[in-house]
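Coordinates as given in upload37.txt (compact mmCIF, N, CA and C atoms):
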```
# COMPACT_ATOMS: atom_id res chain seq x y z
N MET A 477 0.84 -1.18 0.00
CA MET A 477 0.00 0.00 0.00
C MET A 477 0.89 1.24 0.00
N TYR A 478 0.56 2.21 -0.84
CA TYR A 478 1.34 3.44 -0.97
C TYR A 478 0.99 4.39 0.15
N ARG A 479 2.01 4.93 0.79
CA ARG A 479 1.82 5.95 1.82
C ARG A 479 2.58 7.20 1.40
N ALA A 480 1.87 8.29 1.40
CA ALA A 480 2.49 9.57 1.05
C ALA A 480 3.41 10.01 2.17
N THR A 481 4.56 10.56 1.80
CA THR A 481 5.45 11.13 2.80
C THR A 481 4.84 12.44 3.29
N PRO A 482 5.29 12.93 4.43
CA PRO A 482 4.77 14.22 4.89
C PRO A 482 4.97 15.33 3.86
N TRP A 483 6.11 15.32 3.15
CA TRP A 483 6.37 16.34 2.14
C TRP A 483 5.36 16.23 1.00
N GLU A 484 5.07 15.02 0.55
CA GLU A 484 4.09 14.84 -0.53
C GLU A 484 2.71 15.29 -0.10
N SER A 485 2.35 14.99 1.12
CA SER A 485 1.05 15.42 1.64
C SER A 485 0.97 16.94 1.72
N TYR A 486 2.04 17.56 2.19
CA TYR A 486 2.08 19.02 2.27
C TYR A 486 1.96 19.63 0.89
N ARG A 487 2.74 19.10 -0.06
CA ARG A 487 2.73 19.64 -1.42
C ARG A 487 1.35 19.50 -2.06
N GLN A 488 0.72 18.37 -1.86
CA GLN A 488 -0.61 18.16 -2.42
C GLN A 488 -1.62 19.12 -1.80
N THR A 489 -1.55 19.31 -0.50
CA THR A 489 -2.46 20.24 0.17
C THR A 489 -2.22 21.67 -0.33
N ALA A 490 -0.96 22.04 -0.49
CA ALA A 490 -0.63 23.38 -0.99
C ALA A 490 -1.20 23.58 -2.39
N MET A 491 -1.10 22.56 -3.23
CA MET A 491 -1.62 22.67 -4.59
C MET A 491 -3.15 22.76 -4.60
N LEU A 492 -3.79 22.05 -3.71
CA LEU A 492 -5.26 22.03 -3.69
C LEU A 492 -5.85 23.30 -3.10
N THR A 493 -5.11 24.00 -2.27
CA THR A 493 -5.66 25.17 -1.59
C THR A 493 -5.11 26.50 -2.10
N ALA A 494 -4.14 26.47 -2.98
CA ALA A 494 -3.51 27.71 -3.46
C ALA A 494 -4.41 28.43 -4.47
N PRO A 495 -4.40 29.76 -4.43
CA PRO A 495 -5.11 30.53 -5.46
C PRO A 495 -4.39 30.36 -6.80
N PRO A 496 -5.08 30.65 -7.92
CA PRO A 496 -4.49 30.41 -9.25
C PRO A 496 -3.12 31.06 -9.46
N GLY A 497 -2.93 32.29 -9.02
CA GLY A 497 -1.63 32.94 -9.19
C GLY A 497 -0.52 32.20 -8.46
N GLN A 498 -0.83 31.69 -7.28
CA GLN A 498 0.14 30.94 -6.50
C GLN A 498 0.43 29.59 -7.16
N LEU A 499 -0.57 28.99 -7.80
CA LEU A 499 -0.36 27.73 -8.51
C LEU A 499 0.68 27.90 -9.62
N ILE A 500 0.60 29.01 -10.33
CA ILE A 500 1.56 29.27 -11.40
C ILE A 500 2.97 29.36 -10.81
N LEU A 501 3.09 30.04 -9.68
CA LEU A 501 4.39 30.14 -9.02
C LEU A 501 4.90 28.76 -8.62
N LEU A 502 4.02 27.92 -8.08
CA LEU A 502 4.40 26.56 -7.70
C LEU A 502 4.83 25.75 -8.92
N LEU A 503 4.19 25.97 -10.05
CA LEU A 503 4.59 25.26 -11.27
C LEU A 503 5.97 25.72 -11.74
N PHE A 504 6.23 27.02 -11.68
CA PHE A 504 7.58 27.50 -12.01
C PHE A 504 8.61 26.82 -11.10
N GLU A 505 8.32 26.78 -9.81
CA GLU A 505 9.26 26.17 -8.87
C GLU A 505 9.44 24.68 -9.15
N GLY A 506 8.36 24.00 -9.51
CA GLY A 506 8.46 22.58 -9.84
C GLY A 506 9.32 22.34 -11.07
N ALA A 507 9.17 23.17 -12.09
CA ALA A 507 9.98 23.03 -13.30
C ALA A 507 11.46 23.30 -13.00
N ILE A 508 11.71 24.32 -12.20
CA ILE A 508 13.09 24.65 -11.82
C ILE A 508 13.73 23.49 -11.06
N GLN A 509 13.01 22.96 -10.10
CA GLN A 509 13.55 21.83 -9.32
C GLN A 509 13.81 20.62 -10.20
N ALA A 510 12.91 20.34 -11.14
CA ALA A 510 13.09 19.18 -12.01
C ALA A 510 14.33 19.36 -12.89
N ILE A 511 14.53 20.55 -13.42
CA ILE A 511 15.72 20.79 -14.24
C ILE A 511 16.98 20.67 -13.40
N GLU A 512 16.95 21.22 -12.20
CA GLU A 512 18.13 21.13 -11.33
C GLU A 512 18.47 19.67 -11.01
N ARG A 513 17.44 18.86 -10.74
CA ARG A 513 17.68 17.43 -10.48
C ARG A 513 18.21 16.75 -11.74
N GLY A 514 17.67 17.12 -12.90
CA GLY A 514 18.16 16.55 -14.14
C GLY A 514 19.62 16.90 -14.40
N LEU A 515 19.98 18.14 -14.12
CA LEU A 515 21.36 18.58 -14.31
C LEU A 515 22.32 17.83 -13.39
N GLU A 516 21.85 17.47 -12.21
CA GLU A 516 22.68 16.67 -11.29
C GLU A 516 23.02 15.32 -11.91
N GLY A 517 22.15 14.83 -12.79
CA GLY A 517 22.39 13.55 -13.44
C GLY A 517 23.65 13.53 -14.29
N PHE A 518 24.07 14.69 -14.79
CA PHE A 518 25.27 14.74 -15.62
C PHE A 518 26.53 14.39 -14.84
N SER A 519 26.47 14.43 -13.54
CA SER A 519 27.64 14.09 -12.72
C SER A 519 27.70 12.61 -12.38
N ARG A 520 26.73 11.84 -12.82
CA ARG A 520 26.70 10.41 -12.52
C ARG A 520 27.70 9.65 -13.40
N ALA A 521 28.43 8.76 -12.79
CA ALA A 521 29.41 7.96 -13.54
C ALA A 521 28.73 6.83 -14.32
N ASP A 522 27.70 6.27 -13.75
CA ASP A 522 26.96 5.18 -14.40
C ASP A 522 26.09 5.77 -15.50
N LEU A 523 26.33 5.36 -16.75
CA LEU A 523 25.61 5.93 -17.88
C LEU A 523 24.11 5.68 -17.81
N ALA A 524 23.71 4.53 -17.33
CA ALA A 524 22.28 4.24 -17.22
C ALA A 524 21.63 5.18 -16.21
N GLU A 525 22.30 5.39 -15.10
CA GLU A 525 21.78 6.29 -14.08
C GLU A 525 21.76 7.73 -14.59
N LEU A 526 22.81 8.13 -15.31
CA LEU A 526 22.86 9.47 -15.91
C LEU A 526 21.67 9.65 -16.84
N ASN A 527 21.49 8.71 -17.77
CA ASN A 527 20.39 8.82 -18.74
C ASN A 527 19.03 8.86 -18.06
N MET A 528 18.82 8.02 -17.07
CA MET A 528 17.53 7.96 -16.39
C MET A 528 17.25 9.26 -15.62
N THR A 529 18.24 9.74 -14.91
CA THR A 529 18.07 10.96 -14.12
C THR A 529 17.79 12.16 -15.01
N VAL A 530 18.59 12.31 -16.05
CA VAL A 530 18.40 13.43 -16.96
C VAL A 530 17.05 13.33 -17.65
N ASN A 531 16.77 12.17 -18.23
CA ASN A 531 15.53 11.99 -18.99
C ASN A 531 14.28 12.20 -18.13
N ASN A 532 14.21 11.54 -17.01
CA ASN A 532 13.00 11.63 -16.19
C ASN A 532 12.74 13.05 -15.70
N ASN A 533 13.78 13.73 -15.28
CA ASN A 533 13.59 15.07 -14.73
C ASN A 533 13.36 16.12 -15.81
N PHE A 534 14.02 16.00 -16.94
CA PHE A 534 13.76 16.94 -18.02
C PHE A 534 12.34 16.74 -18.57
N GLN A 535 11.89 15.50 -18.65
CA GLN A 535 10.52 15.27 -19.10
C GLN A 535 9.51 15.84 -18.11
N ARG A 536 9.79 15.71 -16.83
CA ARG A 536 8.91 16.29 -15.81
C ARG A 536 8.85 17.81 -15.98
N ALA A 537 10.00 18.44 -16.19
CA ALA A 537 10.03 19.89 -16.40
C ALA A 537 9.27 20.27 -17.66
N GLN A 538 9.42 19.48 -18.71
CA GLN A 538 8.69 19.76 -19.95
C GLN A 538 7.19 19.65 -19.74
N ASN A 539 6.74 18.68 -18.98
CA ASN A 539 5.31 18.55 -18.70
C ASN A 539 4.78 19.78 -17.98
N ILE A 540 5.55 20.30 -17.05
CA ILE A 540 5.13 21.50 -16.33
C ILE A 540 5.10 22.70 -17.26
N ILE A 541 6.13 22.85 -18.08
CA ILE A 541 6.18 23.97 -19.02
C ILE A 541 5.02 23.89 -20.01
N ARG A 542 4.70 22.70 -20.46
CA ARG A 542 3.56 22.54 -21.38
C ARG A 542 2.25 22.92 -20.69
N GLU A 543 2.13 22.60 -19.43
CA GLU A 543 0.93 22.99 -18.68
C GLU A 543 0.85 24.50 -18.56
N LEU A 544 1.97 25.14 -18.26
CA LEU A 544 1.99 26.60 -18.21
C LEU A 544 1.58 27.18 -19.57
N ASN A 545 2.04 26.57 -20.63
CA ASN A 545 1.76 27.05 -21.98
C ASN A 545 0.28 26.92 -22.33
N VAL A 546 -0.31 25.76 -22.08
CA VAL A 546 -1.71 25.56 -22.49
C VAL A 546 -2.68 26.33 -21.61
N THR A 547 -2.26 26.77 -20.45
CA THR A 547 -3.16 27.53 -19.59
C THR A 547 -3.06 29.04 -19.79
N LEU A 548 -2.21 29.47 -20.71
CA LEU A 548 -2.14 30.89 -21.01
C LEU A 548 -3.49 31.37 -21.53
N ASP A 549 -3.96 32.48 -21.01
CA ASP A 549 -5.20 33.08 -21.48
C ASP A 549 -4.81 34.15 -22.49
N MET A 550 -4.90 33.78 -23.77
CA MET A 550 -4.43 34.67 -24.82
C MET A 550 -5.29 35.93 -24.95
N GLU A 551 -6.55 35.86 -24.55
CA GLU A 551 -7.42 37.05 -24.64
C GLU A 551 -7.10 38.05 -23.53
N LYS A 552 -7.01 37.58 -22.30
CA LYS A 552 -6.78 38.49 -21.18
C LYS A 552 -5.30 38.80 -20.97
N GLY A 553 -4.43 37.91 -21.42
CA GLY A 553 -3.01 38.06 -21.17
C GLY A 553 -2.30 39.04 -22.06
N GLY A 554 -2.92 39.40 -23.18
CA GLY A 554 -2.36 40.41 -24.07
C GLY A 554 -0.95 40.10 -24.53
N VAL A 555 -0.11 41.12 -24.49
CA VAL A 555 1.26 41.02 -24.98
C VAL A 555 2.07 40.03 -24.15
N ILE A 556 1.83 40.00 -22.85
CA ILE A 556 2.61 39.09 -22.00
C ILE A 556 2.34 37.64 -22.39
N ALA A 557 1.07 37.27 -22.53
CA ALA A 557 0.73 35.90 -22.91
C ALA A 557 1.26 35.59 -24.31
N ALA A 558 1.16 36.56 -25.22
CA ALA A 558 1.65 36.35 -26.58
C ALA A 558 3.17 36.18 -26.61
N THR A 559 3.86 36.77 -25.65
CA THR A 559 5.31 36.62 -25.55
C THR A 559 5.68 35.30 -24.88
N LEU A 560 4.90 34.90 -23.87
CA LEU A 560 5.20 33.67 -23.16
C LEU A 560 4.98 32.42 -24.00
N ARG A 561 3.97 32.42 -24.86
CA ARG A 561 3.66 31.22 -25.64
C ARG A 561 4.87 30.73 -26.44
N PRO A 562 5.49 31.56 -27.29
CA PRO A 562 6.66 31.05 -28.02
C PRO A 562 7.86 30.79 -27.11
N LEU A 563 7.94 31.52 -25.99
CA LEU A 563 9.03 31.28 -25.05
C LEU A 563 8.90 29.90 -24.43
N TYR A 564 7.70 29.52 -24.01
CA TYR A 564 7.49 28.19 -23.46
C TYR A 564 7.78 27.11 -24.51
N ASP A 565 7.39 27.36 -25.76
CA ASP A 565 7.70 26.41 -26.84
C ASP A 565 9.21 26.27 -27.00
N TYR A 566 9.91 27.39 -26.92
CA TYR A 566 11.37 27.38 -27.02
C TYR A 566 11.98 26.59 -25.86
N PHE A 567 11.49 26.81 -24.65
CA PHE A 567 11.98 26.06 -23.49
C PHE A 567 11.81 24.56 -23.71
N ASP A 568 10.64 24.18 -24.19
CA ASP A 568 10.35 22.76 -24.44
C ASP A 568 11.35 22.20 -25.45
N GLN A 569 11.60 22.94 -26.52
CA GLN A 569 12.53 22.51 -27.55
C GLN A 569 13.95 22.37 -27.00
N ARG A 570 14.40 23.35 -26.22
CA ARG A 570 15.77 23.30 -25.67
C ARG A 570 15.94 22.14 -24.70
N LEU A 571 14.90 21.85 -23.90
CA LEU A 571 15.00 20.71 -22.99
C LEU A 571 15.01 19.40 -23.76
N THR A 572 14.25 19.33 -24.83
CA THR A 572 14.27 18.12 -25.67
C THR A 572 15.67 17.90 -26.24
N GLU A 573 16.27 18.96 -26.77
CA GLU A 573 17.62 18.87 -27.33
C GLU A 573 18.63 18.45 -26.26
N SER A 574 18.54 19.05 -25.09
CA SER A 574 19.47 18.70 -24.00
C SER A 574 19.30 17.25 -23.59
N ASN A 575 18.08 16.80 -23.56
CA ASN A 575 17.80 15.42 -23.16
C ASN A 575 18.31 14.44 -24.22
N LEU A 576 18.00 14.68 -25.47
CA LEU A 576 18.41 13.76 -26.53
C LEU A 576 19.92 13.71 -26.70
N ARG A 577 20.56 14.86 -26.62
CA ARG A 577 22.01 14.93 -26.83
C ARG A 577 22.81 14.74 -25.55
N LYS A 578 22.10 14.68 -24.44
CA LYS A 578 22.73 14.60 -23.12
C LYS A 578 23.79 15.70 -23.00
N ASN A 579 23.32 16.91 -23.29
CA ASN A 579 24.14 18.11 -23.24
C ASN A 579 23.40 19.12 -22.37
N ARG A 580 24.04 19.65 -21.39
CA ARG A 580 23.39 20.48 -20.40
C ARG A 580 23.17 21.93 -20.81
N HIS A 581 23.73 22.39 -21.90
CA HIS A 581 23.68 23.81 -22.25
C HIS A 581 22.26 24.34 -22.41
N GLY A 582 21.41 23.64 -23.13
CA GLY A 582 20.03 24.10 -23.31
C GLY A 582 19.28 24.13 -21.99
N ALA A 583 19.49 23.12 -21.16
CA ALA A 583 18.82 23.06 -19.87
C ALA A 583 19.30 24.18 -18.95
N ASP A 584 20.59 24.49 -19.00
CA ASP A 584 21.12 25.61 -18.21
C ASP A 584 20.45 26.92 -18.63
N GLU A 585 20.29 27.09 -19.94
CA GLU A 585 19.66 28.30 -20.47
C GLU A 585 18.21 28.41 -19.99
N VAL A 586 17.45 27.30 -20.11
CA VAL A 586 16.05 27.30 -19.69
C VAL A 586 15.95 27.56 -18.19
N LEU A 587 16.82 26.95 -17.43
CA LEU A 587 16.81 27.14 -15.98
C LEU A 587 16.99 28.62 -15.62
N ALA A 588 17.92 29.28 -16.26
CA ALA A 588 18.15 30.71 -15.97
C ALA A 588 16.90 31.53 -16.30
N HIS A 589 16.29 31.26 -17.43
CA HIS A 589 15.09 32.01 -17.82
C HIS A 589 13.93 31.72 -16.87
N LEU A 590 13.76 30.47 -16.48
CA LEU A 590 12.66 30.13 -15.57
C LEU A 590 12.84 30.79 -14.21
N LYS A 591 14.06 30.90 -13.76
CA LYS A 591 14.31 31.57 -12.48
C LYS A 591 13.92 33.05 -12.57
N GLU A 592 14.23 33.68 -13.70
CA GLU A 592 13.83 35.07 -13.89
C GLU A 592 12.32 35.21 -13.93
N LEU A 593 11.65 34.32 -14.66
CA LEU A 593 10.19 34.35 -14.74
C LEU A 593 9.56 34.12 -13.37
N ARG A 594 10.12 33.17 -12.62
CA ARG A 594 9.58 32.91 -11.28
C ARG A 594 9.70 34.14 -10.41
N GLU A 595 10.84 34.81 -10.47
CA GLU A 595 11.02 36.03 -9.67
C GLU A 595 10.05 37.12 -10.09
N ALA A 596 9.88 37.28 -11.39
CA ALA A 596 8.94 38.30 -11.88
C ALA A 596 7.52 37.97 -11.43
N TRP A 597 7.14 36.71 -11.51
CA TRP A 597 5.79 36.29 -11.10
C TRP A 597 5.62 36.50 -9.60
N ALA A 598 6.62 36.13 -8.82
CA ALA A 598 6.54 36.30 -7.36
C ALA A 598 6.43 37.78 -7.00
N THR A 599 7.16 38.63 -7.68
CA THR A 599 7.09 40.06 -7.44
C THR A 599 5.70 40.58 -7.75
N MET A 600 5.14 40.14 -8.87
CA MET A 600 3.80 40.56 -9.25
C MET A 600 2.77 40.13 -8.19
N LEU A 601 2.91 38.91 -7.68
CA LEU A 601 1.98 38.44 -6.66
C LEU A 601 2.13 39.24 -5.36
N ARG A 602 3.36 39.57 -5.00
CA ARG A 602 3.59 40.36 -3.78
C ARG A 602 2.99 41.75 -3.91
N GLN A 603 3.01 42.30 -5.10
CA GLN A 603 2.47 43.64 -5.34
C GLN A 603 0.96 43.62 -5.54
N GLY A 604 0.38 42.43 -5.57
CA GLY A 604 -1.07 42.32 -5.66
C GLY A 604 -1.65 42.52 -7.04
N GLU A 605 -0.82 42.44 -8.07
CA GLU A 605 -1.35 42.59 -9.42
C GLU A 605 -2.03 41.29 -9.84
N PRO A 606 -3.15 41.38 -10.55
CA PRO A 606 -3.86 40.17 -10.95
C PRO A 606 -3.09 39.39 -12.01
N PRO A 607 -3.01 38.08 -11.87
CA PRO A 607 -2.31 37.25 -12.86
C PRO A 607 -3.18 37.02 -14.09
N ALA A 608 -3.14 37.96 -15.03
CA ALA A 608 -4.03 37.90 -16.19
C ALA A 608 -3.49 37.05 -17.32
N THR A 609 -2.27 36.54 -17.22
CA THR A 609 -1.71 35.80 -18.34
C THR A 609 -2.14 34.34 -18.37
N SER A 610 -2.71 33.84 -17.28
CA SER A 610 -3.10 32.45 -17.23
C SER A 610 -4.55 32.33 -16.82
N SER A 611 -5.17 31.33 -17.36
CA SER A 611 -6.51 31.01 -16.89
C SER A 611 -6.35 30.17 -15.63
N PRO A 612 -7.34 30.15 -14.76
CA PRO A 612 -7.21 29.36 -13.55
C PRO A 612 -7.02 27.88 -13.89
N LEU A 613 -6.00 27.30 -13.29
CA LEU A 613 -5.78 25.87 -13.46
C LEU A 613 -6.76 25.11 -12.60
N THR A 614 -7.17 23.97 -13.10
CA THR A 614 -7.92 23.11 -12.20
C THR A 614 -6.91 22.50 -11.24
N GLN A 615 -7.36 22.11 -10.11
CA GLN A 615 -6.46 21.54 -9.13
C GLN A 615 -5.84 20.26 -9.65
N ASN A 616 -6.59 19.46 -10.39
CA ASN A 616 -6.04 18.23 -10.95
C ASN A 616 -4.96 18.52 -11.97
N ASP A 617 -5.15 19.56 -12.82
CA ASP A 617 -4.16 19.93 -13.81
C ASP A 617 -2.84 20.29 -13.13
N ALA A 618 -2.93 21.09 -12.08
CA ALA A 618 -1.73 21.52 -11.38
C ALA A 618 -1.02 20.34 -10.72
N LEU A 619 -1.77 19.45 -10.12
CA LEU A 619 -1.17 18.27 -9.48
C LEU A 619 -0.50 17.38 -10.51
N LEU A 620 -1.16 17.15 -11.63
CA LEU A 620 -0.58 16.31 -12.67
C LEU A 620 0.70 16.91 -13.22
N ALA A 621 0.70 18.20 -13.46
CA ALA A 621 1.87 18.85 -14.01
C ALA A 621 3.04 18.82 -13.04
N ALA A 622 2.77 18.98 -11.77
CA ALA A 622 3.83 19.02 -10.77
C ALA A 622 4.41 17.64 -10.51
N ASN A 623 3.68 16.60 -10.79
CA ASN A 623 4.19 15.23 -10.55
C ASN A 623 4.81 14.73 -11.78
```
Spell out the structure here as structure tokens.
Amino acid sequence: MYRATPWESYRQTAMLTAPPGQLILLLFEGAIQAIERGLEGFSRADLAELNMTVNNNFQRAQNIIRELNVTLDMEKGGVIAATLRPLYDYFDQRLTESNLRKNRHGADEVLAHLKELREAWATMLRQGEPPATSSPLTQNDALLAAN
């Protein structure tokens, strides 16, 4: 029988109770963490372990980025949403290239950009500006993307 760890239970509760703007921030953080874990895989001596670590974590990050992309509200998000859509597509492409070639350069680039986006989003939330670039995620969508 599967038992959730306290961290998993906390994360699930946070995802289920967070407002939509906070969910987006959590997704940014999840993508960043997945890329960082994937990048750690490049230091593995065992090639099978390297491949598995890089692949699994980069795919997890790509799933989150795709969720961020499909939830963009192109009508309300205006220029910001129109700018983020191709950027998310680019991130997805760079992570695919890094994963297939087992080369960290694209993932390093995406990681830097995601950190900047996360900071900008967090600043916007602190200042109380409405998150108009995304439509509200369903709680199941956010949970699936984060896992």
Which neighbours of Gln569 (chain A) fall inside 12 Å, counting only C-alpha atoms, when residues of the same chain fewer than 6 positions from it are skipped, and could you give them as a list in words?
-> Phe534, Gln535, Ala537, Gln538, Ile541, Arg542, Pro562, Leu563, Asn575, Leu576, Gly582, Ala583, Glu585 and Val586 of chain A
List the neighbours of Arg594 (chain A) out to 8 Å using only C-alpha atoms; skip same-chain residues closer than 4 positions along the sequence, and give me the result as a ChimeraX atom specification.
-> /A:501,504-505,590,598
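Considering only C-alpha atoms, the residue among A:Ala510, A:Met600, A:Leu526, A:Leu548 positioned nearest to Leu587 (chain A) is A:Ala510.
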What lies within 7 Å of region 512-520 of chain A using only N, CA and C atoms, ignoring chain neighbours under 6 positions off, as a PyMOL selection string?
-> chain A and resi 526-527+529-534+580
Take the point (5.0, 29.8, -11.6) in the file's coordinates, draw a sphere of radius 10 Å around it, and report as a VMD selection string every protein, DNA or RNA residue with an atom inside or on it, counting only C-alpha atoms.
-> chain A and resid 496 to 508 540 to 541 544 590 to 591 593 to 598
Let me know the centre plus edge lengths, in Å and rounded to one decimal, of a box with edges along x, y and z that contains all listed atoms of region 510-526 of chain A and is padded by 4 Å on every side, as AutoDock Vina command-line options.
```
--center_x 21.2 --center_y 12.7 --center_z -14.2 --size_x 24.5 --size_y 25.0 --size_z 15.4
```
Of the residues A:Met528, A:Asp565, A:Thr599, A:Asp522, which is the one nearest to Asn545 (chain A), using only N, CA and C atoms?
-> A:Asp565
Could you give me, as a PyMOL selection string, each residue of region 506-619 of chain A that DSSP assigns to alpha helix (DSSP H) when run on this structure's backbone?
-> chain A and resi 506-516+523-546+550-577+581-602+615-619
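The space between CA of Arg536 (chain A) and CA of Phe567 (chain A) spans 12.8 Å.
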Compare A:Glu592, A:Asp584, A:Gln509, A:Val546 by their minimum atom-to-atom distance to Arg561 (chain A), counting all atoms listed in the file, and give me the closest one.
-> A:Val546
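Atom C of Met550 (chain A) lies 27.7 Å from atom C of Thr572 (chain A).
Considering the residues A:Leu601, A:Ile511, A:Ala588, A:Ala524 and counting only C-alpha atoms, Asn539 (chain A) has its shortest atom-to-atom contact with A:Ile511.
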Give me, please, the distance in Å between atom C of Glu543 (chain A) and atom N of Pro495 (chain A), quoted to one decimal.
->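 Calculated distance between atom C of Glu543 (chain A) and atom N of Pro495 (chain A) is 16.0 Å.
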